[in-house]
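Take a look at the structure below.
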Amino acid sequence: MREFLCKLGWLRQRNPKEDELREELEFHLTAESEECKASGLTERQARSAAHRDLGNLGLISEDTRAKWGWPMFEQFINDIRYTGRTLLRAPSFTGAAVLTLALGIGPTSAIFSVARGVLLKPLPYHEPDRIVSIFESKSTANNPRNAIASANFAEWLARSQSLQNIGMTGSSRRTVMIDGQPEDLPGRFASSEVFRALGVTAAMGRTFTASEDESGKDQVIILSYEFWHNRLHAREDIIGLKMIVNGEPRIVVGVMPPEFTIAGEKANFFVTYGWTMERLRTSPGRGISHAIARLRDGVTFNQAAAEMKNIAAQLEKEVPDRNANWTVNLVPVHEQTVDQIRPAILILSGAVGLVLLIACVNVANLLLARSTVRQRELGLRAALGAGRARLIRQMLTESLILGVAGGAAGLALAFVFHRGLLTLMADRIPVPRLDQVAPDMPVVAVTIALALGTGLLFGVVPAFVTSRNLHGSVREGGRHGVGSRSRRVLGAHVVAEIAFALVLLAGAGLLIRSFLRIQQTDPGFRAGGLLTARVQFPGAKYSDLRRRTAVVNDVLAKISVAPGVQSAAGAAFLPMTGGIGTGFYRTDHPPPAPGQRLSCDVRPITPGFFRTMGIPLRSGRDFAPSDVRESKQVAVISEALARRHFPGENPIGKQLVVRVGPPDGPWEIVGVVADIKMNSLEGDMRPAVWVPQNQLVAGGVSFLLRTGQDPLSLVNTVRQAVRANDPELPLADVMTMDGVVGRTLARQRVVTTILAVFAAMALLLAGVGVYGVMAYSVAQRTSEMGLRIALGASPGTLLQTIIREAMVLVAMGLAIGLAGALALTRVLQTQLAVKTTSDPAAFAGVTLTLGITALIASLIPAWRAATVDPLVALRNE
Amino acid sequence: MLLQGTLDLLILRTLLFGPTHGHAVAKRIKQSSEDLLQIETGSLYPALHRPEARGLIAASWEKSELGKRAKYYSLTARGRKELLAERAKWDTFSRAMGLVLS
């Protein structure tokens, strides 16, 4: 204890004690040399004899100081202080290292946080891995997630032994009165069992009871927490409140917990189907819903899937008309939730991983190069009394400080990047649970540890190598600073860095180019100069279909004469927003067998739609206002349908039966129009049957206005025309047609934007890396260059020599990278279902870009070396 | 050559003759061992500071015979006790060694 206090006292008076030690040793030298003088030596001889006798002053002071207090701690502080000074004295090295680390750590943490939060975190359900979603799929179509037939659902309820709580859910837009204003909002159908299958109870109130599934008792609604909180001002008296939904009253029975979704689908509210078992059993087709259920205790997923396939096979035999070629498809609910976004996140994770790798190689380069440069300094410090362990510790401290600084900068960048990512994705891509993703501390910690580890690894290795032969390095004056070994290591770094960068650039190039190709696809209509706005008719108030057509026709009559409007039309489904796909056949051909039915997209529209959209009419006529409910049912078909089903014939005047409910047909073909992309720019030109909206009335209509001015300037025109008909009809999805098309590309746009950023970062880092290695290796050979010039070598020859060396490494890296990129293309195609073909132009482009970047990066230092003044170079010795 | 820890004992023993500075301690150890114990002068100073930290010896700055200020070390009461104890241990040890070897 006493010793401790004593040392503590000394710690405070460190500097006086240093002085005292110096004075004490100085006195020793004086006394010793006095004695030597007495024995007849000269002043100088005596002095050096005394020095010899005493030994290495620095080492003695060091050892003595060690007896004073806490040597490890002291030295650590000193190391940090010293390292800080040396790092500040090399700002370009320090800046490059910290920036590189930050660029590696920041985006990686952000992306991996998202990946972990969205892909890996268990869903907030009770035993989420026991929950399955059930879809149907047709063997002749490529849609494993098709909606289910309600009639089959009813059979599953009766027959399945392996599943419990089988519920049904599907999307449902409703007009909800909020503060006296009608608003068209996305919600969901959810039968009462859905909540039990998920194992989630309401935060307030309750979920649906089984009887509320039934028609007549279904005047109830459950709200999402967010809707209640943000739109209904979190009012306390919400349970039992009456809300007007689609013009009818519903009682609020519950509010779900925050962030509750059904398999990641956002919804403001939940309503039951209001079915009867009878209606379920006799419902003809497949709607928009799928089923959700929970595995019974002791049943595995595979057992349940097998049982359901069996039931589907039975149903196929029993009801071939509905079920020929159809089977069921069970999907774990987690898979269903993340399936859509998984490829994007995996691609981004891979890309950012490569950026991190390149950054790590860069840091390693920097440290390795620096340690070799410092060999002479270290030799000097060893000669002045620094022990080997001490030197190693010193170099480790440096790596550590760099790691910490880079980590801190990276962490800051991670937050910035994370925020940017959320802003970029927000609302554009429906990533389930994205808004719940915060920068994930474990992820950040692992990333920082990785970067620190790189720092330490590449700090330790050179530290050992360097400290082994310090005396030699002083003697040689650091001339051979770069040994053949570390030069090989640096060469390998260049190769690795180029290879990683090329893989990333090629992958990004591939995806970006295929995105651009999709974006430039001609949709078959002119999207520019079009405004769209949607009206959804509340079922109760508009149960008389004539009322709907009356509103549509009156609104169109009003807006088509409004100033600025060139033409106007309506469509039940906008192109690019989905719609009905169904079976059809020619009346002059025998009806096809069940399961062999031809399918087409059916789209109700108003007259003038083709003109407004800019879709050319190939033959026949457009619809006319005279094509009404009472007149003959007419249809216009697409060229694709005409080509496929009327080859070499004139389809005009022929008739089709189209299964769209009560008015199945026949529909007489009166015209043929050019093909358009129906559902997305990526999709095929599907056969389409256009019918008059007067004859096939849908639940809503999207108005389309063509104008020469800014389309958004016409919003009020539409709004007033709709209000004039019914002030309670809400106008939804008011946007330009360009916006509608762009929305279908949103996810790819976000992904490719981020990829482009990563690719740019990789290019930059690789360039900096090559520059660093070349600058360093050339600097090491300055004297050699000087000598060569002095002996008559021309700068041009020297430049060539250096560049050739660099380019051999770069070429190796490019070759390896190309091989990796080819492998990556295969992975993208097979594993992630990315539609890319191998794209030689993209590969050539990125290879060239990277090669040129590397060339420039090595040209600068090479030029500097080749034009060095021989006198200066040799004086460097 | 020097056994571990013996340098401390030698220093304490040397200081028994009275306060003195490092240089003199080194000389005295050399002389009194008839130059048999070749201690490295460099290792003396760390060895002097260790017992100082333990409070076995005290230091003060005095004017030296050369006219310059020098750091004089002297035994403290604790140091004296330590010396006796260590001395006894050492005697036992060397007697034992003598008995075994003779």
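Ligands are numbered from 1 in the order shown, residues from 1 within each chain, and chains are lettered A, B, ... in the order they appear in the structure tokens.
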(request) May I ask you to extract the residues of chain B within 12 Å of chain A, using only C-alpha atoms, and to give them as a ChimeraX atom specification? (result) /B:21-27,38-56,58-73
Mind writing the picked residues with C-alpha atoms as a short mmCIF file (atom, residue, chain, number, x, y, z; two decimals), in the first residue's frame?
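Ended up saving to out-v4.cif:
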```cif
data_model
loop_
_atom_site.label_atom_id
_atom_site.label_comp_id
_atom_site.auth_asym_id
_atom_site.auth_seq_id
_atom_site.Cartn_x
_atom_site.Cartn_y
_atom_site.Cartn_z
CA HIS B 21 25.50 8.26 -4.18
CA GLY B 22 25.13 5.74 -6.99
CA HIS B 23 28.61 6.02 -8.34
CA ALA B 24 30.13 5.31 -4.95
CA VAL B 25 27.76 2.37 -4.42
CA ALA B 26 28.96 0.83 -7.68
CA LYS B 27 32.59 1.36 -6.76
CA GLN B 38 31.20 -7.75 -12.04
CA ILE B 39 27.91 -5.91 -11.86
CA GLU B 40 26.97 -3.97 -14.90
CA THR B 41 26.97 -0.35 -13.93
CA GLY B 42 23.90 0.17 -16.10
CA SER B 43 21.81 -2.23 -14.06
CA LEU B 44 22.67 -0.43 -10.81
CA TYR B 45 20.33 2.50 -11.26
CA PRO B 46 17.16 0.52 -11.84
CA ALA B 47 18.28 -1.55 -8.85
CA LEU B 48 18.63 1.57 -6.72
CA HIS B 49 15.20 2.86 -7.63
CA ARG B 50 13.39 -0.34 -6.83
CA PRO B 51 14.17 -0.42 -3.05
CA GLU B 52 13.53 3.29 -3.01
CA ALA B 53 10.03 2.64 -4.28
CA ARG B 54 9.62 -0.03 -1.63
CA GLY B 55 10.74 2.43 1.05
CA LEU B 56 13.82 0.41 2.00
CA ALA B 58 15.57 7.01 1.12
CA ALA B 59 17.19 9.55 -1.18
CA SER B 60 18.17 13.17 -0.77
CA TRP B 61 20.16 15.61 -2.83
CA GLU B 62 23.41 16.65 -1.16
CA LYS B 63 26.55 18.44 -2.23
CA SER B 64 29.12 15.83 -3.24
CA GLU B 65 32.87 15.66 -2.86
CA LEU B 66 33.10 16.94 -6.48
CA GLY B 67 31.21 20.08 -5.57
CA LYS B 68 28.17 19.05 -7.66
CA ARG B 69 24.73 18.09 -6.39
CA ALA B 70 24.39 14.30 -6.13
CA LYS B 71 21.60 11.97 -5.12
CA TYR B 72 22.52 10.35 -1.82
CA TYR B 73 20.87 7.14 -0.75
#
```
(request) Check the DSSP output for the backbone and give back, as a list in words, the residues of range 717-822 of chain A in strand (DSSP E or B). (result)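 Those in range 717-822 of chain A that DSSP calls strand (DSSP E or B) are Leu731, Ala732, Asp733, Val734, Met735 and Thr736 of chain A.
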May I have the selected residues written with C-alpha atoms, as an mmCIF file, in the first residue's frame?
```cif
data_model
loop_
_atom_site.group_PDB
_atom_site.id
_atom_site.type_symbol
_atom_site.label_atom_id
_atom_site.label_comp_id
_atom_site.auth_asym_id
_atom_site.auth_seq_id
_atom_site.Cartn_x
_atom_site.Cartn_y
_atom_site.Cartn_z
ATOM 1 C CA LEU A 731 -59.639 10.764 -55.653
ATOM 2 C CA ALA A 732 -56.663 8.442 -55.160
ATOM 3 C CA ASP A 733 -53.315 7.724 -56.830
ATOM 4 C CA VAL A 734 -53.163 11.100 -58.538
ATOM 5 C CA MET A 735 -49.944 10.917 -60.516
ATOM 6 C CA THR A 736 -48.433 11.130 -63.975
#
```
(message) So, with only C-alpha atoms as the atoms that count, which of B:Ser102, B:Thr92, B:Thr6, B:Thr20 lies closest to Leu75 in chain B?
(response)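 Ranked by minimum distance to Leu75 in chain B, first place goes to B:Thr20.
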(request) Considering only C-alpha atoms, return as a list in words whatever protein or nucleic-acid residues lie within 7 Å of range 499-513 of chain A, sequence-local ones (same chain, fewer than 3 positions apart) excluded. (result)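 So, after excluding close chain neighbours, the residues are Ala351, Leu354, Ile358, Val495, Ala496, Leu516, Arg517, Thr752, Leu755, Ala756, Ala759, Ala762, Leu763, Ala766, Gly813, Leu814, Ile816, Gly817, Leu818, Gly820, Ala821, Asp839, Ala842, Phe843, Val846 and Thr847 of chain A.
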(request) Find the distance between CA of Lys138 in chain A and CA of Met277 in chain A and write it in Å to one decimal. (result)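 Going from CA of Lys138 in chain A over to CA of Met277 in chain A, I get 24.8 Å.
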(request) Find the distance between CA of Arg723 in chain A and CA of Pro186 in chain A and write it in Å to one decimal. (result)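 The value is 21.6 Å.
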